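Text of input_9.txt (compact mmCIF, C-alpha atoms) as supplied:
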# COMPACT_ATOMS: atom_id res chain seq x y z
CA MET H 1 13.81 5.85 -43.93
CA PHE H 2 17.28 4.71 -42.87
CA PHE H 3 16.95 1.75 -45.25
CA PHE H 4 16.23 4.06 -48.20
CA TYR H 5 19.09 6.40 -47.26
CA LYS H 6 21.50 3.48 -47.06
CA PHE H 7 20.19 2.05 -50.35
CA LEU H 8 20.72 5.38 -52.13
CA THR H 9 24.27 5.68 -50.85
CA TYR H 10 25.07 2.12 -51.97
CA PHE H 11 23.55 2.95 -55.37
CA PHE H 12 25.81 6.00 -55.64
CA TYR H 13 28.95 4.05 -54.70
CA PRO H 14 30.05 3.09 -58.28
CA PHE H 15 29.72 6.73 -59.36
CA ALA H 16 31.61 8.23 -56.39
CA PRO H 17 35.08 8.29 -58.05
CA VAL H 18 33.65 9.98 -61.15
CA TYR H 19 31.75 12.50 -59.02
CA LEU H 20 34.89 13.47 -57.11
CA TYR H 21 36.99 13.56 -60.28
CA PHE H 22 34.66 16.12 -61.87
CA ARG H 23 34.69 18.16 -58.67
CA LYS H 24 38.48 18.11 -58.84
CA ILE H 25 38.39 19.37 -62.45
CA ASN H 26 36.08 22.19 -61.32
CA LYS H 27 38.59 23.04 -58.56
CA LYS H 28 36.18 22.10 -55.77
CA GLU H 29 38.44 19.35 -54.46
CA ASP H 30 42.13 19.12 -53.64
CA PRO H 31 43.85 17.86 -56.83
CA LEU H 32 46.19 15.56 -54.87
CA ARG H 33 44.12 14.59 -51.83
CA TYR H 34 40.58 14.23 -53.14
CA LYS H 35 40.86 10.42 -53.02
CA GLU H 36 40.88 10.65 -49.22
CA LYS H 37 37.10 11.02 -49.60
CA LEU H 38 37.13 7.45 -50.92
CA SER H 39 39.18 6.35 -47.88
CA LYS H 40 42.31 5.94 -49.98
CA ILE H 41 44.68 6.86 -47.17
CA ASN H 42 48.48 6.80 -47.25
CA LEU H 43 49.12 7.70 -43.62
CA SER H 44 49.59 5.41 -40.63
CA ARG H 45 47.48 5.69 -37.50
CA GLY H 46 50.21 4.81 -35.06
CA ASP H 47 49.62 3.45 -31.56
CA GLY H 48 47.80 4.89 -28.57
CA PHE H 49 44.66 6.90 -27.84
CA LEU H 50 43.30 8.73 -30.91
CA VAL H 51 40.71 11.51 -30.71
CA TRP H 52 38.87 12.29 -33.93
CA PHE H 53 37.31 15.72 -34.55
CA HIS H 54 35.11 16.30 -37.57
CA VAL H 55 34.33 19.80 -38.84
CA ALA H 56 32.61 20.85 -42.06
CA SER H 57 34.42 24.03 -43.00
CA VAL H 58 36.59 26.94 -41.87
CA GLY H 59 34.22 28.42 -39.26
CA GLU H 60 33.83 25.13 -37.40
CA ALA H 61 37.56 24.47 -37.62
CA MET H 62 38.35 27.83 -36.04
CA SER H 63 35.82 27.25 -33.24
CA ILE H 64 37.66 24.17 -31.92
CA LEU H 65 41.19 25.60 -31.99
CA PRO H 66 41.21 26.18 -28.19
CA ILE H 67 40.08 22.56 -27.66
CA LEU H 68 42.78 21.31 -30.04
CA GLU H 69 45.45 23.34 -28.25
CA SER H 70 44.35 21.80 -24.95
CA PHE H 71 44.31 18.25 -26.36
CA ILE H 72 47.73 18.65 -27.96
CA HIS H 73 49.15 19.09 -24.44
CA GLU H 74 47.04 16.27 -22.95
CA LYS H 75 49.40 13.36 -22.18
CA LYS H 76 46.61 10.76 -22.37
CA ILE H 77 46.03 11.62 -26.03
CA ASP H 78 48.59 10.23 -28.49
CA LYS H 79 47.08 11.36 -31.78
CA ILE H 80 44.48 13.88 -32.97
CA LEU H 81 42.73 13.29 -36.28
CA ILE H 82 40.82 16.21 -37.80
CA THR H 83 38.54 15.65 -40.78
CA SER H 84 36.82 18.32 -42.82
CA ILE H 85 34.86 18.59 -46.05
CA THR H 86 35.64 21.86 -47.80
CA LEU H 87 38.76 22.64 -49.79
CA SER H 88 39.37 25.88 -47.86
CA SER H 89 39.23 24.16 -44.46
CA GLY H 90 41.70 21.55 -45.68
CA LYS H 91 44.19 24.22 -46.72
CA ILE H 92 43.91 26.15 -43.45
CA LEU H 93 44.13 23.09 -41.19
CA LYS H 94 47.06 21.62 -43.08
CA LYS H 95 48.88 24.96 -42.86
CA LYS H 96 48.06 25.31 -39.17
CA PHE H 97 49.30 21.88 -38.09
CA THR H 98 51.97 21.00 -40.68
CA PHE H 99 54.72 20.90 -38.07
CA ASN H 100 52.74 19.18 -35.31
CA GLU H 101 53.32 15.43 -35.37
CA LYS H 102 50.42 14.81 -33.02
CA VAL H 103 47.80 16.24 -35.40
CA ILE H 104 46.69 14.70 -38.72
CA HIS H 105 44.25 16.23 -41.20
CA GLN H 106 42.17 14.18 -43.63
CA PHE H 107 39.13 14.88 -45.76
CA LEU H 108 35.98 13.14 -44.51
CA PRO H 109 35.01 10.13 -46.63
CA LEU H 110 31.71 10.14 -48.49
CA ASP H 111 28.90 8.73 -46.35
CA ILE H 112 28.79 5.37 -48.14
CA PRO H 113 29.00 2.30 -45.85
CA VAL H 114 31.85 0.59 -47.76
CA ILE H 115 33.95 3.77 -47.68
CA THR H 116 33.18 4.83 -44.09
CA ASN H 117 33.81 1.31 -42.81
CA LYS H 118 37.27 1.37 -44.42
CA PHE H 119 37.93 4.78 -42.84
CA LEU H 120 37.07 3.52 -39.36
CA GLU H 121 39.13 0.35 -39.89
CA ILE H 122 42.20 2.43 -40.69
CA TRP H 123 41.89 5.08 -37.97
CA LYS H 124 40.16 3.16 -35.15
CA PRO H 125 39.29 6.32 -33.14
CA ASN H 126 38.91 5.98 -29.38
CA LEU H 127 36.68 9.06 -29.25
CA SER H 128 34.68 10.75 -32.03
CA ILE H 129 33.61 14.39 -31.79
CA PHE H 130 31.44 15.99 -34.47
CA ILE H 131 31.18 19.78 -34.54
CA ASP H 132 28.17 22.05 -35.10
CA SER H 133 25.54 20.34 -37.26
CA GLU H 134 27.58 17.58 -38.88
CA VAL H 135 25.35 14.49 -39.00
CA TRP H 136 26.22 11.59 -41.33
CA PRO H 137 23.84 8.63 -40.77
CA ASN H 138 25.91 5.73 -42.15
CA LEU H 139 29.05 6.90 -40.41
CA ILE H 140 27.18 7.44 -37.13
CA GLU H 141 25.63 3.98 -37.29
CA GLN H 142 29.04 2.36 -37.80
CA ILE H 143 30.62 4.38 -34.98
CA ASN H 144 27.81 3.21 -32.72
CA LYS H 145 28.26 -0.44 -33.73
CA ARG H 146 31.94 -0.23 -32.84
CA LYS H 147 30.98 1.23 -29.44
CA ILE H 148 33.13 4.32 -29.99
CA PRO H 149 31.93 7.25 -27.82
CA LEU H 150 30.31 9.84 -30.11
CA LEU H 151 29.84 13.48 -29.10
CA LEU H 152 28.19 16.41 -30.86
CA LEU H 153 30.05 19.54 -29.79
CA ASN H 154 28.79 23.12 -30.13
CA ALA H 155 25.66 21.61 -31.66
CA ARG H 156 23.76 24.15 -33.71
CA ILE H 157 20.38 23.20 -35.18
CA THR H 158 18.79 26.04 -37.16
CA LYS H 159 15.03 26.33 -37.68
CA LYS H 160 15.56 25.39 -41.33
CA THR H 161 17.48 22.23 -40.38
CA TYR H 162 15.00 21.38 -37.63
CA LYS H 163 12.04 21.56 -40.02
CA ARG H 164 13.79 19.17 -42.40
CA TRP H 165 14.52 16.64 -39.65
CA LYS H 166 10.93 16.93 -38.39
CA LEU H 167 9.72 15.58 -41.75
CA VAL H 168 11.55 12.32 -40.94
CA ILE H 169 11.25 12.42 -37.15
CA ASN H 170 11.65 8.66 -36.57
CA PHE H 171 14.81 8.65 -38.69
CA ALA H 172 16.05 11.68 -36.74
CA LYS H 173 15.48 9.98 -33.39
CA THR H 174 17.38 6.93 -34.60
CA ILE H 175 20.38 9.07 -35.53
CA PHE H 176 20.47 11.66 -32.74
CA GLY H 177 19.81 8.96 -30.14
CA LYS H 178 23.21 7.44 -30.95
CA PHE H 179 25.17 10.44 -29.60
CA ASN H 180 26.54 9.84 -26.12
CA LEU H 181 26.59 13.58 -25.41
CA CYS H 182 25.33 16.69 -27.21
CA ILE H 183 26.70 20.05 -26.04
CA ALA H 184 24.37 22.64 -27.55
CA ALA H 185 25.59 26.04 -28.78
CA ASN H 186 22.40 27.84 -27.73
CA LYS H 187 18.97 27.40 -26.11
CA GLU H 188 17.13 27.00 -29.42
CA SER H 189 19.42 24.14 -30.49
CA GLU H 190 19.03 22.55 -27.05
CA ASP H 191 15.24 22.53 -27.45
CA PHE H 192 15.41 21.18 -31.01
CA LEU H 193 17.80 18.40 -29.99
CA LYS H 194 15.35 17.20 -27.33
CA VAL H 195 12.59 16.85 -29.93
CA LEU H 196 14.95 15.12 -32.40
CA GLY H 197 15.79 12.38 -29.92
CA ALA H 198 19.11 13.37 -28.39
CA LYS H 199 19.37 12.09 -24.81
CA ASN H 200 22.28 13.61 -22.92
CA ILE H 201 22.14 17.35 -23.73
CA LYS H 202 24.07 20.16 -22.06
CA ASN H 203 24.30 23.85 -22.88
CA TYR H 204 27.16 26.08 -21.71
CA GLY H 205 27.03 28.61 -24.56
CA ASN H 206 28.60 28.95 -27.97
CA LEU H 207 32.17 27.60 -28.05
CA LYS H 208 33.07 30.17 -30.71
CA PHE H 209 33.31 32.72 -27.88
CA ALA H 210 36.37 30.81 -26.66
CA GLY H 211 38.70 31.78 -29.48
CA ILE H 212 42.47 31.93 -29.17
CA LYS H 213 43.88 35.43 -28.80
CA THR H 214 45.44 36.87 -31.90
CA ASN H 215 49.23 36.76 -31.92
CA LEU H 216 52.14 38.45 -33.68
CA ASN H 217 52.02 36.26 -36.76
CA LYS H 218 48.44 37.42 -37.25
CA LYS H 219 49.56 41.02 -37.70
CA LEU H 220 50.03 42.78 -41.01
CA ASP H 221 53.51 43.75 -42.15
CA SER H 222 54.89 46.78 -40.28
CA ILE H 223 55.76 48.59 -43.53
CA LEU H 224 52.16 48.27 -44.69
CA LEU H 225 50.83 49.35 -41.30
CA ASN H 226 52.97 52.47 -41.52
CA LYS H 227 51.46 53.31 -44.91
CA ILE H 228 47.89 53.26 -43.57
CA LYS H 229 48.45 54.38 -39.96
CA ASN H 230 46.72 57.75 -40.50
CA ARG H 231 43.76 56.39 -42.48
CA LYS H 232 40.23 55.62 -41.25
CA VAL H 233 39.85 51.86 -41.68
CA TRP H 234 36.69 49.75 -41.57
CA CYS H 235 35.91 46.25 -42.79
CA ALA H 236 33.04 44.33 -44.39
CA ALA H 237 33.42 40.59 -43.76
CA SER H 238 31.75 37.37 -44.91
CA THR H 239 29.87 39.28 -47.58
CA HIS H 240 27.54 37.65 -50.08
CA PRO H 241 26.38 38.76 -53.56
CA SER H 242 24.93 42.31 -53.58
CA GLU H 243 26.49 43.17 -50.20
CA GLU H 244 29.88 44.10 -51.68
CA VAL H 245 28.28 46.73 -53.92
CA LEU H 246 26.24 48.00 -50.96
CA CYS H 247 29.43 48.38 -48.91
CA ALA H 248 31.17 50.09 -51.83
CA GLN H 249 28.30 52.58 -52.01
CA SER H 250 28.71 53.14 -48.29
CA HIS H 251 32.40 53.80 -48.87
CA LEU H 252 31.56 56.57 -51.33
CA LYS H 253 29.22 58.18 -48.80
CA ILE H 254 31.76 57.90 -45.97
CA LYS H 255 34.36 59.45 -48.24
CA LYS H 256 32.37 62.70 -48.25
CA ASN H 257 33.23 63.02 -44.54
CA TYR H 258 36.59 61.25 -44.47
CA ASP H 259 38.54 61.43 -47.70
CA ASP H 260 41.19 59.08 -46.30
CA VAL H 261 38.78 56.19 -45.57
CA LEU H 262 40.01 52.71 -46.45
CA THR H 263 37.44 49.94 -46.86
CA ILE H 264 38.42 46.28 -46.58
CA ILE H 265 36.04 43.71 -48.06
CA ILE H 266 36.38 40.02 -47.20
CA PRO H 267 33.92 37.99 -49.32
CA ARG H 268 32.65 34.73 -47.88
CA HIS H 269 33.74 32.92 -51.03
CA ILE H 270 36.97 34.18 -52.57
CA ASN H 271 36.24 32.55 -55.94
CA ARG H 272 33.96 35.56 -56.47
CA THR H 273 36.75 38.16 -56.15
CA LYS H 274 37.19 38.68 -59.91
CA LYS H 275 33.48 39.48 -60.36
CA ILE H 276 33.43 41.69 -57.26
CA CYS H 277 36.49 43.56 -58.49
CA ILE H 278 34.69 44.41 -61.75
CA GLU H 279 31.53 45.51 -59.89
CA LEU H 280 33.49 47.84 -57.61
CA SER H 281 35.64 49.23 -60.41
CA ASN H 282 32.43 50.15 -62.25
CA LEU H 283 31.74 52.50 -59.33
CA SER H 284 35.04 54.27 -60.13
CA LEU H 285 36.72 52.85 -57.05
CA ASN H 286 40.40 52.00 -56.90
CA VAL H 287 40.38 48.33 -55.87
CA LEU H 288 43.45 46.39 -54.73
CA LEU H 289 43.59 42.63 -54.11
CA SER H 290 45.12 41.67 -50.78
CA SER H 291 47.59 39.42 -52.62
CA ASN H 292 49.09 42.67 -53.96
CA LEU H 293 48.98 44.50 -50.64
CA ASN H 294 52.53 45.78 -51.00
CA GLN H 295 51.21 48.04 -53.80
CA ILE H 296 48.78 49.91 -51.54
CA SER H 297 48.80 53.70 -51.93
CA THR H 298 46.88 56.76 -50.77
CA SER H 299 44.61 56.37 -53.81
CA THR H 300 43.50 52.84 -52.83
CA ASP H 301 39.81 52.90 -51.92
CA VAL H 302 39.10 49.22 -51.29
CA VAL H 303 41.26 46.24 -50.36
CA LEU H 304 39.53 43.10 -51.60
CA VAL H 305 40.75 40.04 -49.69
CA ASP H 306 41.43 37.09 -52.00
CA SER H 307 42.79 34.56 -49.50
CA TYR H 308 41.37 32.43 -46.69
CA GLY H 309 42.47 32.56 -43.06
CA ASP H 310 43.58 36.22 -42.96
CA ALA H 311 40.46 37.88 -41.54
CA LEU H 312 41.99 38.44 -38.09
CA LYS H 313 44.78 40.55 -39.60
CA PHE H 314 42.24 42.92 -41.07
CA TYR H 315 39.93 42.96 -38.04
CA ASP H 316 42.99 43.97 -36.03
CA ILE H 317 43.37 47.26 -37.96
CA SER H 318 39.63 48.01 -38.31
CA LYS H 319 37.63 50.09 -35.87
CA CYS H 320 34.32 48.66 -37.02
CA VAL H 321 33.15 45.66 -39.04
CA PHE H 322 30.02 44.95 -41.06
CA LEU H 323 29.09 41.25 -41.01
CA GLY H 324 27.49 39.97 -44.20
CA LYS H 325 24.77 37.48 -45.10
CA SER H 326 22.53 39.81 -43.12
CA LEU H 327 21.21 42.12 -45.86
CA VAL H 328 20.36 39.43 -48.43
CA ASN H 329 16.59 38.94 -48.35
CA SER H 330 16.74 35.64 -50.24
CA LEU H 331 18.76 34.14 -47.34
CA THR H 332 16.40 35.15 -44.52
CA MET H 333 15.88 31.54 -43.34
CA ASP H 334 19.62 30.86 -43.25
CA SER H 335 21.08 34.25 -42.47
CA GLY H 336 23.87 35.91 -40.54
CA GLN H 337 27.58 35.26 -40.03
CA ASN H 338 29.44 34.79 -36.78
CA PRO H 339 30.53 38.19 -35.30
CA ILE H 340 32.57 36.84 -32.39
CA GLU H 341 36.08 37.12 -33.90
CA PRO H 342 35.94 40.87 -34.65
CA ALA H 343 34.07 41.52 -31.38
CA ARG H 344 36.84 39.80 -29.41
CA LEU H 345 39.29 42.20 -31.05
CA GLY H 346 37.36 45.23 -29.81
CA CYS H 347 35.58 46.11 -33.07
CA LYS H 348 32.12 47.66 -33.25
CA ILE H 349 29.86 45.26 -35.18
CA PHE H 350 27.23 46.32 -37.74
CA HIS H 351 24.79 43.84 -39.23
CA GLY H 352 21.60 43.71 -41.25
CA PRO H 353 18.20 42.55 -39.90
CA ASN H 354 18.69 38.95 -41.03
CA VAL H 355 20.86 37.09 -38.49
CA SER H 356 18.76 34.01 -37.71
CA ASN H 357 21.79 31.70 -37.40
CA PHE H 358 23.40 33.80 -34.66
CA ASN H 359 20.52 35.51 -32.84
CA GLU H 360 21.72 34.63 -29.34
CA ILE H 361 25.26 35.84 -30.04
CA TYR H 362 24.07 39.16 -31.44
CA ASN H 363 21.71 39.61 -28.48
CA TYR H 364 24.64 39.10 -26.09
CA LEU H 365 26.83 41.56 -27.99
CA LYS H 366 23.98 44.07 -27.98
CA THR H 367 23.90 43.99 -24.16
CA LEU H 368 27.57 45.02 -24.23
CA GLY H 369 26.86 47.81 -26.72
CA VAL H 370 29.10 46.08 -29.26
CA SER H 371 26.60 45.36 -32.06
CA GLN H 372 24.17 47.56 -33.99
CA LYS H 373 21.57 46.73 -36.63
CA ILE H 374 21.50 48.67 -39.90
CA ASN H 375 19.04 48.26 -42.78
CA ASN H 376 20.71 49.76 -45.84
CA SER H 377 23.73 51.51 -47.30
CA ASP H 378 22.72 54.93 -45.91
CA GLU H 379 22.45 53.62 -42.34
CA LEU H 380 25.71 51.74 -42.66
CA SER H 381 27.65 54.77 -43.88
CA LEU H 382 26.15 57.02 -41.21
CA SER H 383 26.97 54.50 -38.48
CA VAL H 384 30.58 54.11 -39.62
CA VAL H 385 30.97 57.91 -39.78
CA GLU H 386 29.62 58.20 -36.22
CA GLU H 387 32.19 55.66 -35.03
CA PHE H 388 35.00 57.56 -36.71
CA LYS H 389 33.78 60.83 -35.15
CA LYS H 390 34.17 59.40 -31.65
CA ASN H 391 37.92 59.39 -32.24
CA LYS H 392 38.37 56.66 -29.63
CA GLY H 393 40.35 53.44 -29.77
CA LYS H 394 38.89 49.96 -29.75
CA ASN H 395 36.49 48.78 -27.06
CA HIS H 396 38.94 46.71 -25.02
CA GLU H 397 36.65 46.63 -21.97
CA SER H 398 33.93 44.76 -23.87
CA ALA H 399 36.55 42.58 -25.54
CA LYS H 400 37.75 41.52 -22.07
CA LYS H 401 34.18 40.63 -21.01
CA ILE H 402 33.77 38.53 -24.14
CA GLU H 403 37.09 36.80 -23.45
CA ASN H 404 36.06 35.95 -19.86
CA TYR H 405 32.64 34.74 -21.05
CA GLY H 406 34.34 32.51 -23.62
CA GLN H 407 36.84 31.17 -21.10
CA ASN H 408 34.00 30.06 -18.84
CA ILE H 409 32.34 28.20 -21.73
CA PHE H 410 35.66 26.59 -22.66
CA ASN H 411 36.34 25.41 -19.09
CA ASN H 412 32.93 23.74 -18.82
CA VAL H 413 33.25 22.04 -22.21
CA ILE H 414 36.74 20.71 -21.44
CA VAL H 415 35.48 19.13 -18.22
CA GLU H 416 32.77 17.29 -20.19
CA LEU H 417 35.14 16.09 -22.93
CA LYS H 418 37.78 14.78 -20.52
CA LYS H 419 35.23 12.37 -19.04
CA TYR H 420 35.66 10.33 -22.25
CA ILE H 421 39.46 10.27 -22.31
Take the structure in this file and express it as structure tokens.
Amino acid sequence: MFFFYKFLTYFFYPFAPVYLYFRKINKKEDPLRYKEKLSKINLSRGDGFLVWFHVASVGEAMSILPILESFIHEKKIDKILITSITLSSGKILKKKFTFNEKVIHQFLPLDIPVITNKFLEIWKPNLSIFIDSEVWPNLIEQINKRKIPLLLLNARITKKTYKRWKLVINFAKTIFGKFNLCIAANKESEDFLKVLGAKNIKNYGNLKFAGIKTNLNKKLDSILLNKIKNRKVWCAASTHPSEEVLCAQSHLKIKKNYDDVLTIIIPRHINRTKKICIELSNLSLNVLLSSNLNQISTSTDVVLVDSYGDALKFYDISKCVFLGKSLVNSLTMDSGQNPIEPARLGCKIFHGPNVSNFNEIYNYLKTLGVSQKINNSDELSLSVVEEFKKNKGKNHESAKKIENYGQNIFNNVIVELKKYI
């Protein structure tokens, strides 16, 4: 199987520049940096010990921020390379570490031996750490040949992914057996990794619990906050198609009890905002894009967030949050979004019945009384109204428990990682 995979990637090699060029035209790649995926790199590695983290997208990037902060202050580490795949993650990581000379961001090269070999020749990492479920066979094989320690951190193998790997179990064992250490995000992933051939597996819990506390630059403008200080604010985050309309319908029902309600909707993919805006306007709602937030007024019904990386600002002013990808029946096998960030900020979490990707996290939050399942627009609106009726502040006691739980996970993970430095 590995032979056929490698053959297909070699076959694709001549077409790779054309493929990326068309993605650039369709605004799916960075117009200036897309050639990094061909290992056309203009930066210098420099001397010393280099740790390489690879994440796929924004969620994985955010989950390792505490680790990055720790490694930035680690004297034994001279350089930190972070690679990612998605355009949004590239923008956020570049913005986050622009002024930190120790941290470099690059886009991960396509998994074609010629390209990945060039990437490793340039960067020569002393330690490679892949996050979540990022598994690239050619790259992993070359890392192994160079005897570079390779770790899989916060490893998350869903049932859907596991079933796919099971179809090529010998191939899976060849790949997963090359990891020096796999730190699983949950018990299910730990069990799946054992079957797939991983050898050194540990499980301390999901690293996403160990987020960095929000700070002043994550707050909304004070003038804006003053405009909405007397309004009832709730948020719907990481929403997928059909969920925005459902939340808008909930808004209309909540409005019968609280005329001053303000609903914030953060779609998972902001390229959909124009379509969402039309859908919500058709319900006679006054919709304002977050890029025009200075124009907010008492008549604004919904703030539709059209930028990445600002969710924390809106969680901070919301009493409760609905997490999307949980009421879309077509996504049952790959459902749910991570609720940890709003939970750490003391928000009550509502979610649909489909949360297969984050079952263990939701079960933990349920024990704290932080999360609640809803099945439709009626239940969501009633639940939000009940929260508003309580007339209490955020649940800081539960937020503190989550913070301590996350700190314990972080401490254990750091101990494991520093064995390779």
Give one line per residue of stretch 328-409 of chain H that approaches stretch 229-253 of chain H to at most 7 Å, naming the two atoms of the closest pair and their distance in Å to one decimal, counting only C-alpha atoms; sort by chain then ascending residue number and deliver it as CSV.
residue,atom,partner,partner_atom,distance
H:Gln337,CA,H:Ser238,CA,6.8
H:Ser377,CA,H:Ser250,CA,5.3
H:Asp378,CA,H:Ser250,CA,6.7
H:Leu380,CA,H:Ser250,CA,6.5
H:Ser381,CA,H:Ser250,CA,4.8
Suppose we keep C-alpha atoms; can you now write the selection as an mmCIF file, keeping the file's coordinate frame?
data_model
loop_
_atom_site.group_PDB
_atom_site.id
_atom_site.type_symbol
_atom_site.label_atom_id
_atom_site.label_comp_id
_atom_site.auth_asym_id
_atom_site.auth_seq_id
_atom_site.Cartn_x
_atom_site.Cartn_y
_atom_site.Cartn_z
ATOM 1 C CA GLN H 337 27.580 35.260 -40.030
ATOM 2 C CA SER H 377 23.730 51.510 -47.300
ATOM 3 C CA ASP H 378 22.720 54.930 -45.910
ATOM 4 C CA LEU H 380 25.710 51.740 -42.660
ATOM 5 C CA SER H 381 27.650 54.770 -43.880
#
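Atom CA of H:Gly393 is found 22.7 Å from atom CA of H:Asn338.
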For H:Phe314, which residue out of H:Glu190, H:Glu379, H:Glu341, H:Asp259 is the nearest one, using all atoms listed in the file?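 Checking each candidate against H:Phe314, we get H:Glu341 as the closest.
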Nearest to H:Glu121 by atom-to-atom distance, counting all atoms listed in the file, from H:Leu280, H:Ile41, H:Leu20, H:Thr161: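 Selected residue with least distance to H:Glu121: H:Ile41.
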Could you give me, as a list in words, the residues within 7 Å of H:Leu207, counting all atoms listed in the file and dropping anything in the same chain fewer than 4 positions from it? Ser63, Asn154, Ala185, Gly406, Ile409 and Phe410 of chain H
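With all atoms listed in the file as the atoms that count, the minimum distance from H:Pro125 to the choices H:Ile414, H:Glu279, H:Asn375, H:Ile421 is reached by H:Ile421.
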So, with only C-alpha atoms as the atoms that count, which of H:Val58, H:Val103, H:Ile72, H:Ala172 lies closest to H:Ser89? H:Val58
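Closest to H:Ile92 among H:Gly369, H:Gly211, H:Pro353, H:Gly59 is H:Gly59, based on all atoms listed in the file.
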List the spatial neighbours of H:Ser318 as an NGL selection string - criterion: any atom at most 12 Å away, all atoms listed in the file, same-chain residues fewer than 5 positions off excluded. :H and (220 or 225 or 228-229 or 231-237 or 261-265 or 311-313 or 342-343 or 345-349 or 384 or 387-388 or 393-395)
For stretch 244-257 of chain H, supply N, CA and C atoms and format the output as a PDB file, in the coordinates of the input.
ATOM      1  N   GLU H 244      28.626  43.398 -51.365  1.00  0.00           N
ATOM      2  CA  GLU H 244      29.880  44.100 -51.680  1.00  0.00           C
ATOM      3  C   GLU H 244      29.591  45.456 -52.324  1.00  0.00           C
ATOM      4  N   VAL H 245      28.638  45.469 -53.257  1.00  0.00           N
ATOM      5  CA  VAL H 245      28.280  46.730 -53.920  1.00  0.00           C
ATOM      6  C   VAL H 245      27.670  47.692 -52.907  1.00  0.00           C
ATOM      7  N   LEU H 246      26.840  47.174 -52.004  1.00  0.00           N
ATOM      8  CA  LEU H 246      26.240  48.000 -50.960  1.00  0.00           C
ATOM      9  C   LEU H 246      27.326  48.644 -50.088  1.00  0.00           C
ATOM     10  N   CYS H 247      28.340  47.863 -49.744  1.00  0.00           N
ATOM     11  CA  CYS H 247      29.430  48.380 -48.910  1.00  0.00           C
ATOM     12  C   CYS H 247      30.279  49.387 -49.692  1.00  0.00           C
ATOM     13  N   ALA H 248      30.431  49.149 -50.992  1.00  0.00           N
ATOM     14  CA  ALA H 248      31.170  50.090 -51.830  1.00  0.00           C
ATOM     15  C   ALA H 248      30.432  51.421 -51.924  1.00  0.00           C
ATOM     16  N   GLN H 249      29.105  51.348 -51.998  1.00  0.00           N
ATOM     17  CA  GLN H 249      28.300  52.580 -52.010  1.00  0.00           C
ATOM     18  C   GLN H 249      28.428  53.312 -50.681  1.00  0.00           C
ATOM     19  N   SER H 250      28.504  52.532 -49.607  1.00  0.00           N
ATOM     20  CA  SER H 250      28.710  53.140 -48.290  1.00  0.00           C
ATOM     21  C   SER H 250      30.066  53.830 -48.230  1.00  0.00           C
ATOM     22  N   HIS H 251      31.058  53.210 -48.832  1.00  0.00           N
ATOM     23  CA  HIS H 251      32.400  53.800 -48.870  1.00  0.00           C
ATOM     24  C   HIS H 251      32.362  55.190 -49.519  1.00  0.00           C
ATOM     25  N   LEU H 252      31.648  55.294 -50.622  1.00  0.00           N
ATOM     26  CA  LEU H 252      31.560  56.570 -51.330  1.00  0.00           C
ATOM     27  C   LEU H 252      30.901  57.648 -50.472  1.00  0.00           C
ATOM     28  N   LYS H 253      29.915  57.234 -49.680  1.00  0.00           N
ATOM     29  CA  LYS H 253      29.220  58.180 -48.800  1.00  0.00           C
ATOM     30  C   LYS H 253      30.111  58.581 -47.614  1.00  0.00           C
ATOM     31  N   ILE H 254      30.845  57.607 -47.078  1.00  0.00           N
ATOM     32  CA  ILE H 254      31.760  57.900 -45.970  1.00  0.00           C
ATOM     33  C   ILE H 254      32.866  58.836 -46.433  1.00  0.00           C
ATOM     34  N   LYS H 255      33.268  58.659 -47.679  1.00  0.00           N
ATOM     35  CA  LYS H 255      34.360  59.450 -48.240  1.00  0.00           C
ATOM     36  C   LYS H 255      34.043  60.947 -48.274  1.00  0.00           C
ATOM     37  N   LYS H 256      32.771  61.279 -48.268  1.00  0.00           N
ATOM     38  CA  LYS H 256      32.370  62.700 -48.250  1.00  0.00           C
ATOM     39  C   LYS H 256      32.750  63.342 -46.914  1.00  0.00           C
ATOM     40  N   ASN H 257      32.831  62.530 -45.865  1.00  0.00           N
ATOM     41  CA  ASN H 257      33.230  63.020 -44.540  1.00  0.00           C
ATOM     42  C   ASN H 257      34.715  62.768 -44.264  1.00  0.00           C
TER      43      ASN H 257
END
